[in-house]
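**Student:** Could you have a look at this structure, given as C-alpha cells, before my questions?
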Amino acid sequence: MNGPDKQRHLCPFDNSYGRLPERFFARLDPTPVSAPHLIKFNTKLAGELGLELQELSRADLARIFSGNDVPVGAQPLAMAYGGHQFGGWSGQLGDGRAILLGEVLGKDGVRFDLQLKGSGPTPFSRSGDGRAALGPVLREYIVSEAMHGLGIKTTRALAAVLTGERVRREESLPGAIFTRIAQSHIRVGTFEFFAHQQDYDGVQILADYVIARCYPQAASAANPYRALLDGVVKAQAELVASWMQVGFIHGVMNTDNCSISGETIDYGPCAFMDIFEADMVYSSIDHMGRYAYSNQSRIAQWNLAQLAQSLLLLLGDDEDSAIGEAKAAIKAYREIYEQFWLKGMAQKLGLAKERDGDRALIEELLDLMAQNNADFTLTFRGLSNLSLVANDQDQAMLDLFDQPASLNDWLGQWRERLQQESRSDSQRQMLMRAKTRHLSRAITLLKR
Ligand code: AMP
Ligand code: MG
C-alpha cells in the first residue's frame with residue numbers, strides 16, 4: 001500500500017460499540033501474519049455496502065483483511081460475551097479468535113460490523129490459538145453467501161485470506177482469516193454475560209444500545225424492553241423457520257451463537273441436509289442430538305428464554321409483572337414461528353393463498369420424503385419442474401423416492417390444491433425455483 005492515503009479513504013468508521021464501557025470488550029490489534037495472500041474478495045458485497053476499495057491491489061486487500069494493516073478509523077476490539085453451550089452455562093467466552101475492526105456507515109447510512117475471524121489470540125482465547133483453518137473459513141464464506149442468496153438473514157462474507165502460517169488441529173492445516181460483515185455481533189450470550197455477573201447496569205446499557213441500533217421502533221413502545229424482547233423473538237422465529245425450509249442444520253445453536261439481530265451466525269459444523277430425516281444431527285460433538293434439525297425451533301425458544309431471563313429486571317416494575325412479560329413474550333414465539341414456517345413451506349409447494357389443509361399437505365410430503373429417503377433440496381426442486389397436468393417430468397420426481405408409486409396419491413392431492421391458485425404453471429415454477437437456485441449452486445461447490 002502506498003502509505004496511509006489509501007487507508008484513509010477505506011471507509012467511514014463510526015465505532016459505537018467501542019464507546020460503551022470498557023468492561024464490554026478488550027481493545028487490541030490483530031496479530032500480524034507472515035505471508036497474507038488474498039483468496040477471495042466479495043467485490044459485489046463491497047459495492048453494496050459502499051466500501052471504496054476498487055483502487056486497492058490484491059496485495060493491499062490481503063494486508064487489510066489479514067489484520068496486518070489496520071485501516072485508519074478502525075478501533076479493533078474483542079467483544080466480551082458468555083453463553084450456554086449444549087444447555088450448560090459456560091461462563092465467560094468472548095471473541096477468542098475474532099476482532100471487531102469497527103463499525104462502518106455504508107450506503108444510506110446503514111451501520112455494519114467489520115470483523116476478522118482467525119486474527120490471533122485475545123484475552124478471551126482461553127487455551128485456543130486465536131486462529132482459523134482454511135477449510136472452515138471457506139465453508140463459512142460459501143454457506144453464508146448461499147444463505148444470503150436464499151433470502152435468509154445471515155452474516156456476510158467479505159474476504160478470505162491465507163495467513164501463510166499453519167494451524168495445529170488434529171493435523172497441521174493452512175491458516176486463514178475470514179472477514180465477516182454483520183448487522184451486529186451482539187448475541188444472547190452478550191446479555192447473559194452481564195446478567196450472570198449481576199451487572200444489571202451492564203444489561204441496561206446493552207439493552208438501550210441494542211434498541212437504538214437494531215430495534216429503534218422499540219424505543220417509543222410503552223415498555224421498550226418488552227418490545228426489544230418481542231423484536232428478537234420475532235427475528236429468531238423467522239430465521240429458524242427459514243432454516244427449516246431449506247433443510248439447514250446450524251449444528252451449534254449455543255446462546256453465544258444466537259444473534260440478537262436475527263442473523264444466522266457462526267457456521268461451524270453446519271449442513272444442508274441431503275436425505276430428509278427430521279432428527280438428523282450434524283455436529284459430531286452433539287451426542288444427545290440437542291441441535292438436531294427437528295429441535296431447532298425449540299432450541300431457539302430456549303435461547304430466547306435465556307435472553308428474557310437476562311432482561312428480567314428491566315421487563316416490569318415488580319417481580320410478578322416482569323415474569324409475566326417474559327412468559328408472554330416467550331409463549332408468543334411458537335405461534336409466530338408456526339406462521340412463518342407455514343407461509344414459507346406453502347410457497348415451496350407453489351401455493352400463494354393460504355387454505356385449510358395446507359399444513360397437512362406439507363406434513364404429508366415431509367413424511368413421504370422421510371419414509372422414502374428422498375433428498376430434501378432435490379424433492380422441492382423436482383416439484384418445481386412439475387406442471388398442473390402430469391407429464392414426462394413426473395418420473396424424474398418420482399425417482400427421488402425409494403418407492404416411487406408411494407408419491408402418486410400425494411401428487412394428485414397437490415394438483416387438486418393447485419386448481420385453487422390463479423397463477424400459470426410457468427409463473428409458479430419460476431417462483432418455486434427462485435427458492436432453491438442458489439442452494440443448488442452452493443451444494444455443488446461444497447461437494448467439489
Ligand atoms: P464457536 O464454537 O466458534 O462459536 O466458539 C466458541 C468460543 O470458543 C468462542 O468464545 C470462540 O471465540 C472460542 N474459540 C473457538 N475457537 C478458538 C480458537 N482457535 N482460539 C481461541 N478461541 C476460540
Ligand atoms: Mg461462536
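Every chain in the C-alpha cells has a letter given in the order shown (A, B, ...), and although residue numbers restart at 1 in each chain, ligands are simply numbered from 1 in the order shown.
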Within 8 Å of ligand 1, which residues of chain A show up? Give each one with its shortest atom-to-atom distance in Å (one decimal) and the two atoms involved, counting only C-alpha atoms and all ligand atoms, rows by chain then rising residue number, as a Markdown table.

**Tutor:**
```
| residue | atom | partner | partner_atom_place_in_ligand_line | distance |
| --- | --- | --- | --- | --- |
| A:Tyr81 | CA | ligand 1 | 10 (O) | 7.7 |
| A:Gly82 | CA | ligand 1 | 10 (O) | 7.7 |
| A:Gln92 | CA | ligand 1 | 10 (O) | 7.9 |
| A:Leu93 | CA | ligand 1 | 10 (O) | 4.1 |
| A:Gly94 | CA | ligand 1 | 10 (O) | 4.4 |
| A:Asp95 | CA | ligand 1 | 12 (O) | 4.1 |
| A:Gly96 | CA | ligand 1 | 12 (O) | 3.3 |
| A:Arg97 | CA | ligand 1 | 21 (C) | 4.6 |
| A:Ala98 | CA | ligand 1 | 12 (O) | 6.4 |
| A:Gly118 | CA | ligand 1 | 19 (N) | 7.2 |
| A:Gly120 | CA | ligand 1 | 20 (N) | 7.6 |
| A:Pro121 | CA | ligand 1 | 21 (C) | 6.2 |
| A:Thr122 | CA | ligand 1 | 21 (C) | 7.6 |
| A:Phe124 | CA | ligand 1 | 10 (O) | 6.7 |
| A:Ser125 | CA | ligand 1 | 21 (C) | 4.0 |
| A:Arg126 | CA | ligand 1 | 21 (C) | 6.4 |
| A:Ser127 | CA | ligand 1 | 21 (C) | 6.6 |
| A:Gly128 | CA | ligand 1 | 20 (N) | 3.3 |
| A:Asp129 | CA | ligand 1 | 20 (N) | 4.2 |
| A:Gly130 | CA | ligand 1 | 20 (N) | 3.4 |
| A:Arg131 | CA | ligand 1 | 19 (N) | 4.8 |
| A:Ala132 | CA | ligand 1 | 19 (N) | 6.0 |
| A:Val252 | CA | ligand 1 | 2 (O) | 7.3 |
| A:Asn254 | CA | ligand 1 | 4 (O) | 7.6 |
| A:Asp256 | CA | ligand 1 | 4 (O) | 6.6 |
| A:Asn257 | CA | ligand 1 | 4 (O) | 5.8 |
| A:Asp266 | CA | ligand 1 | 4 (O) | 5.9 |
| A:Tyr267 | CA | ligand 1 | 3 (O) | 7.9 |
| A:Gly268 | CA | ligand 1 | 3 (O) | 6.5 |
```

**Student:** Go ahead and write the selection's residues with N, CA and C atoms as a short mmCIF file (atom, residue, chain, number, x, y, z; two decimals), in the first residue's frame.

**Tutor:**
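See selection29.cif below for the written result:
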```cif
data_model
loop_
_atom_site.label_atom_id
_atom_site.label_comp_id
_atom_site.auth_asym_id
_atom_site.auth_seq_id
_atom_site.Cartn_x
_atom_site.Cartn_y
_atom_site.Cartn_z
N TYR A 81 -18.48 -11.78 25.88
CA TYR A 81 -19.80 -12.40 25.99
C TYR A 81 -19.66 -13.71 26.74
N GLY A 82 -20.81 -14.24 27.12
CA GLY A 82 -20.81 -15.55 27.78
C GLY A 82 -21.68 -16.48 26.96
N GLN A 92 -17.75 -17.02 31.05
CA GLN A 92 -17.21 -16.09 30.07
C GLN A 92 -16.64 -16.81 28.85
N LEU A 93 -17.04 -16.35 27.66
CA LEU A 93 -16.45 -16.85 26.41
C LEU A 93 -15.75 -15.66 25.74
N GLY A 94 -16.49 -14.92 24.94
CA GLY A 94 -15.91 -13.73 24.29
C GLY A 94 -15.21 -14.08 22.99
N ASP A 95 -14.84 -13.04 22.24
CA ASP A 95 -14.16 -13.24 20.97
C ASP A 95 -12.75 -13.79 21.21
N GLY A 96 -12.63 -15.09 21.13
CA GLY A 96 -11.34 -15.71 21.40
C GLY A 96 -10.44 -15.77 20.18
N ARG A 97 -11.07 -15.59 19.01
CA ARG A 97 -10.25 -15.59 17.79
C ARG A 97 -10.81 -14.62 16.76
N ALA A 98 -11.58 -13.68 17.24
CA ALA A 98 -12.15 -12.69 16.33
C ALA A 98 -11.86 -11.30 16.87
N GLY A 118 -10.16 -15.33 13.17
CA GLY A 118 -8.91 -16.07 12.98
C GLY A 118 -7.70 -15.14 13.06
N GLY A 120 -5.91 -13.97 15.54
CA GLY A 120 -4.91 -14.04 16.62
C GLY A 120 -5.53 -14.06 18.00
N PRO A 121 -4.73 -14.42 18.99
CA PRO A 121 -5.27 -14.56 20.35
C PRO A 121 -5.73 -13.24 20.95
N THR A 122 -6.67 -13.35 21.86
CA THR A 122 -7.22 -12.19 22.58
C THR A 122 -7.30 -12.57 24.07
N PHE A 124 -9.72 -13.33 25.54
CA PHE A 124 -10.80 -14.32 25.69
C PHE A 124 -10.44 -15.66 25.06
N SER A 125 -9.18 -15.85 24.68
CA SER A 125 -8.83 -17.06 23.92
C SER A 125 -8.80 -18.33 24.76
N ARG A 126 -8.74 -18.19 26.09
CA ARG A 126 -8.57 -19.36 26.95
C ARG A 126 -7.40 -20.20 26.40
N SER A 127 -7.62 -21.48 26.10
CA SER A 127 -6.46 -22.26 25.64
C SER A 127 -6.33 -22.29 24.11
N GLY A 128 -7.20 -21.53 23.42
CA GLY A 128 -7.18 -21.57 21.95
C GLY A 128 -6.06 -20.73 21.36
N ASP A 129 -5.78 -20.95 20.09
CA ASP A 129 -4.67 -20.25 19.42
C ASP A 129 -5.11 -18.96 18.73
N GLY A 130 -6.42 -18.70 18.75
CA GLY A 130 -6.89 -17.46 18.13
C GLY A 130 -6.96 -17.52 16.62
N ARG A 131 -6.71 -18.67 16.07
CA ARG A 131 -6.61 -18.79 14.60
C ARG A 131 -7.72 -19.66 14.02
N ALA A 132 -7.82 -19.64 12.71
CA ALA A 132 -8.81 -20.45 11.99
C ALA A 132 -8.10 -21.20 10.86
N VAL A 252 -24.69 -25.91 16.01
CA VAL A 252 -24.26 -25.49 17.36
C VAL A 252 -25.04 -24.25 17.79
N ASN A 254 -25.74 -22.79 20.38
CA ASN A 254 -25.48 -22.29 21.72
C ASN A 254 -25.91 -20.82 21.80
N ASP A 256 -24.34 -18.31 22.63
CA ASP A 256 -23.32 -17.39 22.11
C ASP A 256 -23.33 -17.37 20.58
N ASN A 257 -24.05 -18.30 19.97
CA ASN A 257 -24.18 -18.31 18.51
C ASN A 257 -25.59 -17.90 18.09
N ASP A 266 -22.06 -17.81 12.87
CA ASP A 266 -21.13 -18.87 13.27
C ASP A 266 -21.44 -20.21 12.60
N TYR A 267 -20.96 -20.30 11.37
CA TYR A 267 -21.15 -21.53 10.61
C TYR A 267 -20.07 -22.53 10.98
N GLY A 268 -20.34 -23.32 11.99
CA GLY A 268 -19.41 -24.36 12.40
C GLY A 268 -19.77 -25.64 11.66
#
```

**Student:** Based on DSSP run over this structure's backbone, return all residues of stretch 185-403 of chain A in strand (DSSP E or B), as a PyMOL selection string.

**Tutor:** chain A and resi 187+248-249+259+264+271-272+275+375

**Student:** Write the selection just made, keeping C-alpha atoms, as a PDB file, in the first residue's frame?

**Tutor:**
```pdb
ATOM      1  CA  ARG A 187     -25.563 -12.314  20.942  1.00  0.00           C
ATOM      2  CA  PHE A 248     -30.402 -26.218   7.095  1.00  0.00           C
ATOM      3  CA  ILE A 249     -28.923 -27.628  10.298  1.00  0.00           C
ATOM      4  CA  SER A 259     -27.654 -13.316  17.218  1.00  0.00           C
ATOM      5  CA  THR A 264     -27.517 -16.691  11.097  1.00  0.00           C
ATOM      6  CA  ALA A 271     -25.122 -28.521   6.738  1.00  0.00           C
ATOM      7  CA  PHE A 272     -27.934 -28.517   4.250  1.00  0.00           C
ATOM      8  CA  ILE A 275     -31.789 -37.203   2.542  1.00  0.00           C
ATOM      9  CA  ASP A 375     -33.275 -35.717  -0.889  1.00  0.00           C
TER      10      ASP A 375
END
```

**Student:** Excluding A:Gly316 and any residue of its chain fewer than 6 positions from it, enumerate the residues within 10 Å of it, using only C-alpha atoms, and give them as a VMD selection string.

**Tutor:** chain A and resid 223 225 to 226 322 to 326

**Student:** Kindly indicate which residue among A:Val232, A:Cys258, A:Ala212, A:Val246 lies nearest to ligand 2, using only C-alpha atoms and all ligand atoms for the distances.

**Tutor:**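 That would be A:Cys258, the residue with the smallest distance to ligand 2.
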
**Student:** Measuring between only C-alpha atoms and all ligand atoms, which one of A:Val188, A:Ala62, A:Leu138, A:Ala222 shows the shortest distance to ligand 2?

**Tutor:**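 Checking each of A:Val188, A:Ala62, A:Leu138, A:Ala222 against ligand 2, counting only C-alpha atoms and all ligand atoms, the winner is A:Val188.
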
**Student:** If we count only C-alpha atoms and set the cut-off at 7 Å, which residues sit around A:Ile181, ignoring sequence neighbours fewer than 6 positions away in its own chain? Please answer as a list in words.

**Tutor:**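 Listed by chain and then number, they are Phe112, Asp113, Leu114, Gln115, Thr155, Arg156, Ala157 and Leu158 of chain A.
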
**Student:** May I have the selected residues written with all heavy atoms, as a PDB file, in the first residue's frame?

**Tutor:**
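Output (out.pdb):
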```pdb
ATOM      1  N   PHE A 112     -22.797  -1.321   9.860  1.00  0.00           N
ATOM      2  CA  PHE A 112     -22.479  -2.745   9.964  1.00  0.00           C
ATOM      3  C   PHE A 112     -21.126  -2.952  10.619  1.00  0.00           C
ATOM      4  O   PHE A 112     -20.258  -2.079  10.589  1.00  0.00           O
ATOM      5  CB  PHE A 112     -22.550  -3.439   8.592  1.00  0.00           C
ATOM      6  CG  PHE A 112     -21.639  -2.845   7.560  1.00  0.00           C
ATOM      7  CD1 PHE A 112     -20.330  -3.283   7.428  1.00  0.00           C
ATOM      8  CD2 PHE A 112     -22.087  -1.840   6.719  1.00  0.00           C
ATOM      9  CE1 PHE A 112     -19.485  -2.741   6.481  1.00  0.00           C
ATOM     10  CE2 PHE A 112     -21.245  -1.275   5.764  1.00  0.00           C
ATOM     11  CZ  PHE A 112     -19.934  -1.731   5.654  1.00  0.00           C
ATOM     12  N   ASP A 113     -20.976  -4.130  11.212  1.00  0.00           N
ATOM     13  CA  ASP A 113     -19.719  -4.543  11.848  1.00  0.00           C
ATOM     14  C   ASP A 113     -18.777  -5.127  10.803  1.00  0.00           C
ATOM     15  O   ASP A 113     -19.206  -5.897   9.929  1.00  0.00           O
ATOM     16  CB  ASP A 113     -19.971  -5.685  12.859  1.00  0.00           C
ATOM     17  CG  ASP A 113     -20.427  -5.200  14.216  1.00  0.00           C
ATOM     18  OD1 ASP A 113     -20.592  -3.979  14.395  1.00  0.00           O
ATOM     19  OD2 ASP A 113     -20.618  -6.066  15.094  1.00  0.00           O
ATOM     20  N   LEU A 114     -17.507  -4.802  10.944  1.00  0.00           N
ATOM     21  CA  LEU A 114     -16.462  -5.401  10.113  1.00  0.00           C
ATOM     22  C   LEU A 114     -15.581  -6.196  11.070  1.00  0.00           C
ATOM     23  O   LEU A 114     -14.923  -5.610  11.936  1.00  0.00           O
ATOM     24  CB  LEU A 114     -15.683  -4.255   9.458  1.00  0.00           C
ATOM     25  CG  LEU A 114     -14.702  -4.540   8.342  1.00  0.00           C
ATOM     26  CD1 LEU A 114     -15.374  -5.240   7.176  1.00  0.00           C
ATOM     27  CD2 LEU A 114     -14.098  -3.220   7.837  1.00  0.00           C
ATOM     28  N   GLN A 115     -15.612  -7.516  10.949  1.00  0.00           N
ATOM     29  CA  GLN A 115     -14.922  -8.362  11.928  1.00  0.00           C
ATOM     30  C   GLN A 115     -13.952  -9.320  11.242  1.00  0.00           C
ATOM     31  O   GLN A 115     -14.285  -9.904  10.207  1.00  0.00           O
ATOM     32  CB  GLN A 115     -15.971  -9.178  12.719  1.00  0.00           C
ATOM     33  CG  GLN A 115     -15.402  -9.857  13.942  1.00  0.00           C
ATOM     34  CD  GLN A 115     -16.180 -11.125  14.328  1.00  0.00           C
ATOM     35  OE1 GLN A 115     -16.318 -12.048  13.534  1.00  0.00           O
ATOM     36  NE2 GLN A 115     -16.682 -11.156  15.550  1.00  0.00           N
ATOM     37  N   THR A 155     -24.989 -13.282   8.580  1.00  0.00           N
ATOM     38  CA  THR A 155     -23.777 -12.506   8.447  1.00  0.00           C
ATOM     39  C   THR A 155     -23.266 -12.743   7.022  1.00  0.00           C
ATOM     40  O   THR A 155     -23.628 -13.733   6.385  1.00  0.00           O
ATOM     41  CB  THR A 155     -22.712 -12.980   9.453  1.00  0.00           C
ATOM     42  OG1 THR A 155     -22.458 -14.371   9.220  1.00  0.00           O
ATOM     43  CG2 THR A 155     -23.187 -12.765  10.886  1.00  0.00           C
ATOM     44  N   ARG A 156     -22.426 -11.840   6.517  1.00  0.00           N
ATOM     45  CA  ARG A 156     -21.963 -11.964   5.139  1.00  0.00           C
ATOM     46  C   ARG A 156     -20.457 -12.170   5.103  1.00  0.00           C
ATOM     47  O   ARG A 156     -19.752 -11.909   6.071  1.00  0.00           O
ATOM     48  CB  ARG A 156     -22.313 -10.683   4.360  1.00  0.00           C
ATOM     49  CG  ARG A 156     -23.795 -10.326   4.289  1.00  0.00           C
ATOM     50  CD  ARG A 156     -24.572 -11.244   3.383  1.00  0.00           C
ATOM     51  NE  ARG A 156     -24.022 -11.378   2.036  1.00  0.00           N
ATOM     52  CZ  ARG A 156     -24.271 -10.578   1.015  1.00  0.00           C
ATOM     53  NH1 ARG A 156     -25.083  -9.545   1.167  1.00  0.00           N
ATOM     54  NH2 ARG A 156     -23.732 -10.788  -0.174  1.00  0.00           N
ATOM     55  N   ALA A 157     -19.995 -12.621   3.945  1.00  0.00           N
ATOM     56  CA  ALA A 157     -18.566 -12.874   3.752  1.00  0.00           C
ATOM     57  C   ALA A 157     -17.976 -11.788   2.878  1.00  0.00           C
ATOM     58  O   ALA A 157     -18.390 -11.625   1.727  1.00  0.00           O
ATOM     59  CB  ALA A 157     -18.391 -14.230   3.079  1.00  0.00           C
ATOM     60  N   LEU A 158     -17.006 -11.048   3.411  1.00  0.00           N
ATOM     61  CA  LEU A 158     -16.375 -10.006   2.599  1.00  0.00           C
ATOM     62  C   LEU A 158     -15.051 -10.477   2.021  1.00  0.00           C
ATOM     63  O   LEU A 158     -14.717 -10.135   0.892  1.00  0.00           O
ATOM     64  CB  LEU A 158     -16.161  -8.729   3.435  1.00  0.00           C
ATOM     65  CG  LEU A 158     -15.590  -7.545   2.654  1.00  0.00           C
ATOM     66  CD1 LEU A 158     -16.571  -7.075   1.568  1.00  0.00           C
ATOM     67  CD2 LEU A 158     -15.257  -6.378   3.583  1.00  0.00           C
TER      68      LEU A 158
END
```

**Student:** Give the helix (DSSP H, G or I) residues of stretch 100-346 of chain A, as DSSP finds them on the backbone, and put them as a ChimeraX atom specification.

**Tutor:** /A:107-109,134-149,188-196,200-214,216-220,224-245,255-257,293-315,319-346

**Student:** Identify which of the residues A:Glu354, A:Asp402, A:Glu103, A:Glu48 lies closest to A:Arg19, counting only C-alpha atoms when measuring atom-to-atom distances.

**Tutor:**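 Distance minimum relative to A:Arg19 lands on A:Glu103.
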
**Student:** To one decimal in Å, tell me the separation between atom CA of A:Ser144 and atom CA of A:Ser261.

**Tutor:** 15.5 Å

**Student:** Nearest to A:Pro76 among A:Lys153, A:Lys107, A:Arg213, A:Arg27, with distances taken over only C-alpha atoms: which residue is it?

**Tutor:**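 Distance minimum relative to A:Pro76 lands on A:Arg27.
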
**Student:** If you count only C-alpha atoms, which residues fall within 8 Å of stretch 420-430 of chain A, apart from same-chain ones fewer than 4 positions away, as a list in words?

**Tutor:** Gly350, Leu351, Ala352, Lys353, Ser384, Asn385, Leu386, Ser387, Leu388, Glu416 and Ala434 of chain A

**Student:** Contacts of stretch 194-211 of chain A at 12 Å or less, counting only C-alpha atoms, minus same-chain residues fewer than 6 places along, as JSON, numbers by chain?

**Tutor:** {"A": [16, 17, 18, 19, 20, 21, 22, 23, 24, 25, 80, 81, 82, 83, 84, 89, 90, 91, 92, 183, 184, 185, 186, 187, 188, 217, 218, 219, 220, 221, 223, 224, 225, 226, 227, 228, 229, 230, 231, 232, 259, 260, 261, 306, 307, 308, 309, 310, 311, 312, 313, 314, 315]}

**Student:** One number please: atom CA of A:Tyr333 to atom CA of A:Gln347, in Å, one decimal.

**Tutor:**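 Result for atom CA of A:Tyr333 versus atom CA of A:Gln347: 21.4 Å, one decimal.
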
**Student:** Give me the residues near A:Glu335 as a JSON list (two decimals) with N, CA, C and O atoms, in the first residue's frame, where near means some atom within 12 Å (using only C-alpha atoms) and where sequence neighbours in that chain fewer than 5 positions away do not count.

**Tutor:**
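Generated output (out_27.json):
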```json
[["chain", "number", "residue", "atom", "x", "y", "z"],
["A", 233, "VAL", "N", -37.57, -12.08, 19.54],
["A", 233, "VAL", "CA", -38.38, -13.31, 19.39],
["A", 233, "VAL", "C", -38.84, -13.45, 17.95],
["A", 233, "VAL", "O", -38.70, -14.51, 17.32],
["A", 234, "LYS", "N", -39.35, -12.37, 17.39],
["A", 234, "LYS", "CA", -39.87, -12.42, 16.01],
["A", 234, "LYS", "C", -38.72, -12.70, 15.03],
["A", 234, "LYS", "O", -38.86, -13.53, 14.12],
["A", 237, "ALA", "N", -37.69, -16.32, 15.34],
["A", 237, "ALA", "CA", -38.74, -17.22, 14.83],
["A", 237, "ALA", "C", -38.68, -17.27, 13.31],
["A", 237, "ALA", "O", -38.72, -18.34, 12.69],
["A", 238, "GLU", "N", -38.54, -16.10, 12.71],
["A", 238, "GLU", "CA", -38.49, -16.02, 11.25],
["A", 238, "GLU", "C", -37.23, -16.70, 10.73],
["A", 238, "GLU", "O", -37.26, -17.44, 9.74],
["A", 241, "ALA", "N", -37.45, -20.58, 11.13],
["A", 241, "ALA", "CA", -38.43, -21.11, 10.16],
["A", 241, "ALA", "C", -37.79, -21.15, 8.77],
["A", 241, "ALA", "O", -37.97, -22.12, 8.02],
["A", 297, "SER", "N", -36.27, -25.27, 16.36],
["A", 297, "SER", "CA", -37.22, -24.25, 16.78],
["A", 297, "SER", "C", -37.34, -24.21, 18.31],
["A", 297, "SER", "O", -37.35, -23.14, 18.92],
["A", 301, "GLN", "N", -36.29, -21.15, 21.00],
["A", 301, "GLN", "CA", -37.16, -20.66, 22.07],
["A", 301, "GLN", "C", -36.45, -20.75, 23.42],
["A", 301, "GLN", "O", -36.55, -19.85, 24.26],
["A", 328, "ALA", "N", -45.01, -14.11, 28.60],
["A", 328, "ALA", "CA", -45.87, -13.81, 27.43],
["A", 328, "ALA", "C", -45.03, -13.71, 26.16],
["A", 328, "ALA", "O", -45.43, -14.23, 25.11],
["A", 329, "ALA", "N", -43.88, -13.08, 26.27],
["A", 329, "ALA", "CA", -43.03, -12.91, 25.08],
["A", 329, "ALA", "C", -42.54, -14.27, 24.58],
["A", 329, "ALA", "O", -42.54, -14.53, 23.37],
["A", 330, "ILE", "N", -42.15, -15.13, 25.48],
["A", 330, "ILE", "CA", -41.60, -16.43, 25.07],
["A", 330, "ILE", "C", -42.71, -17.34, 24.56],
["A", 330, "ILE", "O", -42.52, -18.11, 23.61],
["A", 340, "PHE", "N", -44.64, -18.32, 10.19],
["A", 340, "PHE", "CA", -43.56, -18.14, 9.22],
["A", 340, "PHE", "C", -43.29, -19.46, 8.49],
["A", 340, "PHE", "O", -43.06, -19.49, 7.29],
["A", 341, "TRP", "N", -43.28, -20.53, 9.27],
["A", 341, "TRP", "CA", -42.97, -21.84, 8.70],
["A", 341, "TRP", "C", -44.00, -22.22, 7.62],
["A", 341, "TRP", "O", -43.65, -22.60, 6.51],
["A", 342, "LEU", "N", -45.28, -22.07, 7.99],
["A", 342, "LEU", "CA", -46.35, -22.47, 7.08],
["A", 342, "LEU", "C", -46.31, -21.63, 5.80],
["A", 342, "LEU", "O", -46.42, -22.17, 4.70]]
```

**Student:** Quick one: distance from atom CA of A:Ala370 to atom CA of A:Gln236 in Å, one decimal?

**Tutor:** 26.2 Å
